[in-house]
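Heads up, the thing below is written out as structure tokens.
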Amino acid sequence: MNGGMRTGGLAAVFAHPDDESFGSAGALALAHDAGRATRLLLATRGESGNAEGVPDDELGATREDEMRCAAGKIGLDEVTVLEGYADGSVADAPFDQLVSEIGLWLADRRPDAVITFGPHGVTGHPDHVVIGSATRWAVEQLAERGVGPHAVYVVSPVFLPGGERFDLSAEEQGATHRVDITAVAGRKMAALECHASQPDAAELLADLRAALDQFGELFEGYTRVRPVVQAPHPEFDTRLV
Ligand SMILES: [Zn+2]
């Protein structure tokens, strides 16, 4: 246990800088504004996030700076990047070790709720898939010791404008939670703007701007995967914590 560290709140566990802004900037910003601790754990610095997919230390440093810029816009209290995992090759690392490192990070912070990737990682990126699986294994182990979070959510892109739909799992195609992020839409867009090295971020930003202009509201979708019991009403739940 880290002495004096504020526990509880909402934690996101993802693979790369920018995953947090694509997936969960809105929900994290809302949790921050509600006075909850907000945290991000990433497996890598995203050092291979160039057109060639070739590792580049300078790009890793740039992307870490971009992520810290985004963290400031969102209102994250803490950001941690694991050591020793290569962008693009997280699945090649020993899975048990990844589970254990995520578990230790969560055990120290005791978040009330955890967000991660679902089985297809939204885009199918193998790093996304493995970080989601490892996070969920880590939660199962913590829960056996009675120190698990109350809820685990996976990112569901069903409310994303732009219409790009990858080969999604059922968990990602559906959503139990429809979080209205309109009030913090500007901060999600500012966070995406921080990721200037990533053309995808600019694309989503344009889509979000267009959707906000057209509909006047924006949502993030999540599927609660733990516990799996659904809410006793047909509407979406609207809050993660
Ligand atoms: Zn990613």
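Please note that chains go A, B, ... in the order of the structure tokens, that every chain numbers its residues from 1, and that ligands are numbered from 1 in the order shown.
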Residues at most 10 Å from range 70-84 of chain A, counting only C-alpha atoms, excluding those fewer than 5 positions away in the same chain, as a short mmCIF file (atom, residue, chain, number, x, y, z; two decimals) with N, CA and C atoms, in the first residue's frame?
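Contents of out-v8.cif, freshly written:
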```
data_model
loop_
_atom_site.label_atom_id
_atom_site.label_comp_id
_atom_site.auth_asym_id
_atom_site.auth_seq_id
_atom_site.Cartn_x
_atom_site.Cartn_y
_atom_site.Cartn_z
N ARG A 6 -4.35 8.59 -2.35
CA ARG A 6 -5.80 8.55 -2.36
C ARG A 6 -6.25 7.33 -3.16
N LEU A 10 -11.72 6.02 -10.44
CA LEU A 10 -11.79 5.36 -11.75
C LEU A 10 -10.39 5.23 -12.32
N ALA A 11 -10.03 4.01 -12.72
CA ALA A 11 -8.72 3.77 -13.33
C ALA A 11 -8.91 3.18 -14.72
N ALA A 12 -8.09 3.62 -15.66
CA ALA A 12 -8.10 3.07 -17.01
C ALA A 12 -6.77 2.36 -17.24
N VAL A 13 -6.84 1.17 -17.84
CA VAL A 13 -5.63 0.41 -18.17
C VAL A 13 -5.63 0.13 -19.66
N PHE A 14 -4.67 0.73 -20.37
CA PHE A 14 -4.62 0.63 -21.82
C PHE A 14 -3.20 0.32 -22.28
N ALA A 15 -3.00 0.30 -23.60
CA ALA A 15 -1.72 -0.12 -24.16
C ALA A 15 -0.82 1.05 -24.56
N HIS A 16 -1.39 2.07 -25.18
CA HIS A 16 -0.59 3.12 -25.82
C HIS A 16 -1.06 4.51 -25.43
N PRO A 17 -0.14 5.49 -25.43
CA PRO A 17 -0.59 6.87 -25.36
C PRO A 17 -1.58 7.11 -26.50
N ASP A 18 -2.64 7.72 -26.24
CA ASP A 18 -3.80 8.08 -27.09
C ASP A 18 -4.98 7.13 -26.89
N GLU A 20 -6.23 6.33 -24.17
CA GLU A 20 -7.05 6.97 -23.12
C GLU A 20 -7.94 8.06 -23.71
N SER A 21 -7.42 8.77 -24.71
CA SER A 21 -8.20 9.89 -25.26
C SER A 21 -9.28 9.39 -26.21
N SER A 24 -11.68 6.89 -23.49
CA SER A 24 -12.28 7.17 -22.18
C SER A 24 -12.05 8.57 -21.65
N ALA A 25 -11.61 9.49 -22.50
CA ALA A 25 -11.33 10.84 -21.98
C ALA A 25 -12.57 11.45 -21.33
N GLY A 26 -13.74 11.20 -21.91
CA GLY A 26 -14.96 11.80 -21.40
C GLY A 26 -15.33 11.26 -20.02
N ALA A 27 -15.34 9.94 -19.90
CA ALA A 27 -15.72 9.33 -18.61
C ALA A 27 -14.72 9.69 -17.52
N LEU A 28 -13.43 9.71 -17.89
CA LEU A 28 -12.41 10.07 -16.90
C LEU A 28 -12.54 11.52 -16.47
N ALA A 29 -12.82 12.41 -17.43
CA ALA A 29 -12.98 13.84 -17.09
C ALA A 29 -14.19 14.03 -16.18
N LEU A 30 -15.27 13.31 -16.45
CA LEU A 30 -16.47 13.42 -15.61
C LEU A 30 -16.18 12.92 -14.19
N ALA A 31 -15.44 11.82 -14.09
CA ALA A 31 -15.10 11.28 -12.77
C ALA A 31 -14.22 12.28 -12.02
N HIS A 32 -13.28 12.88 -12.72
CA HIS A 32 -12.42 13.89 -12.10
C HIS A 32 -13.25 15.05 -11.58
N ASP A 33 -14.19 15.52 -12.40
CA ASP A 33 -15.01 16.67 -12.01
C ASP A 33 -15.93 16.32 -10.83
N ARG A 36 -13.57 12.35 -7.97
CA ARG A 36 -13.02 11.00 -7.83
C ARG A 36 -11.56 10.98 -8.30
N ALA A 37 -10.77 10.10 -7.71
CA ALA A 37 -9.40 9.90 -8.19
C ALA A 37 -9.46 9.30 -9.59
N THR A 38 -8.63 9.80 -10.47
CA THR A 38 -8.61 9.29 -11.85
C THR A 38 -7.17 8.92 -12.22
N ARG A 39 -7.02 7.74 -12.78
CA ARG A 39 -5.67 7.23 -13.03
C ARG A 39 -5.62 6.48 -14.36
N LEU A 40 -4.40 6.45 -14.90
CA LEU A 40 -4.16 5.75 -16.16
C LEU A 40 -2.91 4.90 -16.02
N LEU A 41 -3.01 3.64 -16.44
CA LEU A 41 -1.85 2.76 -16.54
C LEU A 41 -1.71 2.35 -18.00
N LEU A 42 -0.52 2.56 -18.57
CA LEU A 42 -0.26 2.17 -19.95
C LEU A 42 0.85 1.13 -19.97
N ALA A 43 0.78 0.22 -20.94
CA ALA A 43 1.81 -0.82 -21.08
C ALA A 43 3.05 -0.28 -21.78
N THR A 44 2.86 0.67 -22.70
CA THR A 44 3.99 1.11 -23.53
C THR A 44 3.95 2.62 -23.75
N ARG A 45 5.06 3.15 -24.27
CA ARG A 45 5.14 4.57 -24.61
C ARG A 45 4.71 4.83 -26.06
N GLU A 64 4.98 10.14 -25.04
CA GLU A 64 4.77 10.23 -23.59
C GLU A 64 4.41 11.67 -23.21
N ASP A 65 5.09 12.63 -23.85
CA ASP A 65 4.74 14.05 -23.61
C ASP A 65 3.30 14.32 -24.05
N VAL A 90 3.50 -6.40 -26.97
CA VAL A 90 3.10 -6.67 -25.58
C VAL A 90 2.69 -8.14 -25.43
N ALA A 93 5.40 -10.67 -24.41
CA ALA A 93 5.93 -10.69 -23.04
C ALA A 93 5.21 -11.78 -22.24
N LEU A 98 2.72 -9.73 -16.85
CA LEU A 98 1.89 -8.55 -17.14
C LEU A 98 0.70 -8.51 -16.17
N GLU A 101 1.94 -7.40 -12.75
CA GLU A 101 2.29 -5.97 -12.64
C GLU A 101 1.03 -5.10 -12.61
N ILE A 102 0.05 -5.45 -13.42
CA ILE A 102 -1.21 -4.71 -13.40
C ILE A 102 -1.90 -4.89 -12.04
N TRP A 105 -0.30 -2.76 -9.36
CA TRP A 105 -0.66 -1.34 -9.54
C TRP A 105 -2.09 -1.10 -9.04
N VAL A 184 -18.08 17.63 -21.22
CA VAL A 184 -16.61 17.62 -21.23
C VAL A 184 -16.08 17.33 -22.64
N GLY A 186 -15.25 19.29 -24.99
CA GLY A 186 -14.11 20.14 -25.34
C GLY A 186 -12.81 19.58 -24.79
N ARG A 187 -12.89 18.96 -23.62
CA ARG A 187 -11.67 18.39 -23.03
C ARG A 187 -11.27 17.10 -23.72
N LYS A 188 -12.23 16.30 -24.15
CA LYS A 188 -11.87 15.10 -24.93
C LYS A 188 -11.19 15.53 -26.23
N MET A 189 -11.73 16.57 -26.85
CA MET A 189 -11.14 17.03 -28.12
C MET A 189 -9.77 17.64 -27.88
N ALA A 190 -9.60 18.38 -26.79
CA ALA A 190 -8.29 18.95 -26.46
C ALA A 190 -7.28 17.84 -26.19
N ALA A 191 -7.74 16.77 -25.54
CA ALA A 191 -6.85 15.63 -25.27
C ALA A 191 -6.41 14.97 -26.58
N LEU A 192 -7.36 14.81 -27.51
CA LEU A 192 -7.01 14.23 -28.81
C LEU A 192 -6.03 15.14 -29.56
N GLU A 193 -6.22 16.45 -29.41
CA GLU A 193 -5.31 17.40 -30.06
C GLU A 193 -3.88 17.26 -29.55
N CYS A 194 -3.74 16.87 -28.29
CA CYS A 194 -2.40 16.67 -27.72
C CYS A 194 -1.62 15.62 -28.51
N HIS A 195 -2.33 14.63 -29.06
CA HIS A 195 -1.66 13.51 -29.74
C HIS A 195 -1.36 13.86 -31.19
#
```
Residue contacts of Glu140 in chain A (12 Å, only C-alpha atoms) excluding same-chain residues fewer than 4 positions away, as JSON, numbers by chain: {"A": [99, 100, 102, 103, 106, 107, 133, 134, 135, 136, 144, 145, 146, 147, 148, 149, 150, 151, 152, 225, 226, 227]}
What are the DSSP helix (DSSP H, G or I) residues of range 13-184 of chain A, as a PyMOL selection string? chain A and resi 19-33+57-74+90-92+95-109+126-144+157-159+170-173+182-184
List every residue of range 19-178 of chain A that DSSP, applied to the backbone, labels as strand (DSSP E), and write the result as a ChimeraX atom specification. /A:38-42,78-81,113-116,151-156,177-178
Serialized selection, N, CA and C atoms, as a PDB file, in the first residue's frame:
```pdb
ATOM      1  N   THR A  38      -8.626   9.801 -10.475  1.00  0.00           N
ATOM      2  CA  THR A  38      -8.609   9.292 -11.854  1.00  0.00           C
ATOM      3  C   THR A  38      -7.174   8.923 -12.217  1.00  0.00           C
ATOM      4  N   ARG A  39      -7.018   7.738 -12.777  1.00  0.00           N
ATOM      5  CA  ARG A  39      -5.674   7.229 -13.034  1.00  0.00           C
ATOM      6  C   ARG A  39      -5.621   6.483 -14.359  1.00  0.00           C
ATOM      7  N   LEU A  40      -4.396   6.453 -14.898  1.00  0.00           N
ATOM      8  CA  LEU A  40      -4.163   5.747 -16.159  1.00  0.00           C
ATOM      9  C   LEU A  40      -2.913   4.898 -16.024  1.00  0.00           C
ATOM     10  N   LEU A  41      -3.014   3.643 -16.436  1.00  0.00           N
ATOM     11  CA  LEU A  41      -1.849   2.758 -16.537  1.00  0.00           C
ATOM     12  C   LEU A  41      -1.709   2.345 -17.998  1.00  0.00           C
ATOM     13  N   LEU A  42      -0.521   2.565 -18.568  1.00  0.00           N
ATOM     14  CA  LEU A  42      -0.256   2.173 -19.951  1.00  0.00           C
ATOM     15  C   LEU A  42       0.852   1.128 -19.975  1.00  0.00           C
ATOM     16  N   GLU A  78      -2.953  10.708 -11.948  1.00  0.00           N
ATOM     17  CA  GLU A  78      -1.726   9.917 -11.983  1.00  0.00           C
ATOM     18  C   GLU A  78      -1.665   9.150 -13.294  1.00  0.00           C
ATOM     19  N   VAL A  79      -0.471   9.113 -13.874  1.00  0.00           N
ATOM     20  CA  VAL A  79      -0.252   8.319 -15.080  1.00  0.00           C
ATOM     21  C   VAL A  79       0.980   7.457 -14.851  1.00  0.00           C
ATOM     22  N   THR A  80       0.878   6.179 -15.167  1.00  0.00           N
ATOM     23  CA  THR A  80       1.998   5.252 -15.006  1.00  0.00           C
ATOM     24  C   THR A  80       2.204   4.529 -16.325  1.00  0.00           C
ATOM     25  N   VAL A  81       3.473   4.404 -16.740  1.00  0.00           N
ATOM     26  CA  VAL A  81       3.791   3.583 -17.907  1.00  0.00           C
ATOM     27  C   VAL A  81       4.657   2.428 -17.427  1.00  0.00           C
ATOM     28  N   ALA A 113     -13.664   1.416  -9.865  1.00  0.00           N
ATOM     29  CA  ALA A 113     -14.010   0.878 -11.183  1.00  0.00           C
ATOM     30  C   ALA A 113     -12.797   0.960 -12.102  1.00  0.00           C
ATOM     31  N   VAL A 114     -12.726  -0.001 -13.021  1.00  0.00           N
ATOM     32  CA  VAL A 114     -11.604  -0.095 -13.956  1.00  0.00           C
ATOM     33  C   VAL A 114     -12.159  -0.164 -15.377  1.00  0.00           C
ATOM     34  N   ILE A 115     -11.537   0.606 -16.257  1.00  0.00           N
ATOM     35  CA  ILE A 115     -11.849   0.556 -17.693  1.00  0.00           C
ATOM     36  C   ILE A 115     -10.666  -0.080 -18.413  1.00  0.00           C
ATOM     37  N   THR A 116     -10.963  -0.976 -19.357  1.00  0.00           N
ATOM     38  CA  THR A 116      -9.903  -1.507 -20.201  1.00  0.00           C
ATOM     39  C   THR A 116     -10.495  -1.863 -21.557  1.00  0.00           C
ATOM     40  N   ALA A 151     -16.422  -2.707 -10.206  1.00  0.00           N
ATOM     41  CA  ALA A 151     -16.900  -2.869 -11.583  1.00  0.00           C
ATOM     42  C   ALA A 151     -15.737  -2.783 -12.562  1.00  0.00           C
ATOM     43  N   VAL A 152     -15.855  -3.557 -13.649  1.00  0.00           N
ATOM     44  CA  VAL A 152     -14.904  -3.482 -14.762  1.00  0.00           C
ATOM     45  C   VAL A 152     -15.705  -3.213 -16.029  1.00  0.00           C
ATOM     46  N   TYR A 153     -15.241  -2.256 -16.804  1.00  0.00           N
ATOM     47  CA  TYR A 153     -15.898  -1.888 -18.058  1.00  0.00           C
ATOM     48  C   TYR A 153     -14.930  -2.075 -19.214  1.00  0.00           C
ATOM     49  N   VAL A 154     -15.462  -2.463 -20.370  1.00  0.00           N
ATOM     50  CA  VAL A 154     -14.651  -2.421 -21.582  1.00  0.00           C
ATOM     51  C   VAL A 154     -15.209  -1.345 -22.507  1.00  0.00           C
ATOM     52  N   VAL A 155     -14.289  -0.738 -23.241  1.00  0.00           N
ATOM     53  CA  VAL A 155     -14.661   0.336 -24.158  1.00  0.00           C
ATOM     54  C   VAL A 155     -15.497  -0.239 -25.289  1.00  0.00           C
ATOM     55  N   SER A 156     -16.630   0.377 -25.530  1.00  0.00           N
ATOM     56  CA  SER A 156     -17.480   0.006 -26.654  1.00  0.00           C
ATOM     57  C   SER A 156     -17.591   1.212 -27.585  1.00  0.00           C
ATOM     58  N   HIS A 177     -23.581   0.855 -20.833  1.00  0.00           N
ATOM     59  CA  HIS A 177     -23.501   2.222 -20.339  1.00  0.00           C
ATOM     60  C   HIS A 177     -23.332   3.200 -21.494  1.00  0.00           C
ATOM     61  N   ARG A 178     -24.137   4.216 -21.439  1.00  0.00           N
ATOM     62  CA  ARG A 178     -24.083   5.290 -22.436  1.00  0.00           C
ATOM     63  C   ARG A 178     -23.835   6.564 -21.640  1.00  0.00           C
TER      64      ARG A 178
END
```
With only C-alpha atoms as the counted atoms, please give the residues lying no more than 10 Å from Ala175 in chain A, apart from itself and same-chain residues fewer than 2 positions off, as a PyMOL selection string. chain A and resi 153-159+170-173+177-178+220-224+236-237
Suppose we keep C-alpha atoms; can you now write the selection as a PDB file, in the first residue's frame?
```pdb
ATOM      1  CA  TYR A 153     -15.898  -1.888 -18.058  1.00  0.00           C
ATOM      2  CA  VAL A 154     -14.651  -2.421 -21.582  1.00  0.00           C
ATOM      3  CA  VAL A 155     -14.661   0.336 -24.158  1.00  0.00           C
ATOM      4  CA  SER A 156     -17.480   0.006 -26.654  1.00  0.00           C
ATOM      5  CA  PRO A 157     -17.204   2.219 -29.730  1.00  0.00           C
ATOM      6  CA  VAL A 158     -20.901   1.993 -30.617  1.00  0.00           C
ATOM      7  CA  PHE A 159     -21.527   5.707 -30.093  1.00  0.00           C
ATOM      8  CA  ALA A 170     -20.201  -8.939 -28.624  1.00  0.00           C
ATOM      9  CA  GLU A 171     -19.010  -7.044 -25.556  1.00  0.00           C
ATOM     10  CA  GLU A 172     -17.813  -4.200 -27.754  1.00  0.00           C
ATOM     11  CA  GLN A 173     -20.776  -4.241 -30.135  1.00  0.00           C
ATOM     12  CA  HIS A 177     -23.501   2.222 -20.339  1.00  0.00           C
ATOM     13  CA  ARG A 178     -24.083   5.290 -22.436  1.00  0.00           C
ATOM     14  CA  GLU A 220     -18.984   7.249 -24.826  1.00  0.00           C
ATOM     15  CA  GLY A 221     -20.083   3.631 -24.701  1.00  0.00           C
ATOM     16  CA  TYR A 222     -19.004   0.988 -22.211  1.00  0.00           C
ATOM     17  CA  THR A 223     -19.977  -2.563 -21.469  1.00  0.00           C
ATOM     18  CA  ARG A 224     -19.784  -3.599 -17.846  1.00  0.00           C
ATOM     19  CA  PHE A 236     -28.557   2.403 -20.643  1.00  0.00           C
ATOM     20  CA  ASP A 237     -26.840   3.133 -17.375  1.00  0.00           C
TER      21      ASP A 237
END
```
Please compute the CA of Asp96 in chain A-CA of Ala138 in chain A distance, one decimal, in Å. 9.2 Å
One decimal, in Å: what's the spacing between CA of Ala206 in chain A and CA of Glu235 in chain A?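 Separation of CA of Ala206 in chain A and CA of Glu235 in chain A: 29.0 Å.
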In terms of the shortest atom-to-atom distance over only C-alpha atoms, which of A:Gly88, A:Gly174, A:Gly35, A:Gly121 is closest to Asn50 in chain A? A:Gly88
For CA of Gln141 in chain A and CA of Asp108 in chain A, the interatomic separation in Å (one decimal): 14.0 Å
Here is a test: counting only C-alpha atoms, which residue of A:Asp19, A:Asp92, A:Asp87, A:Glu66 is nearest to Ala196 in chain A?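 Result for the nearest residue to Ala196 in chain A: A:Glu66.
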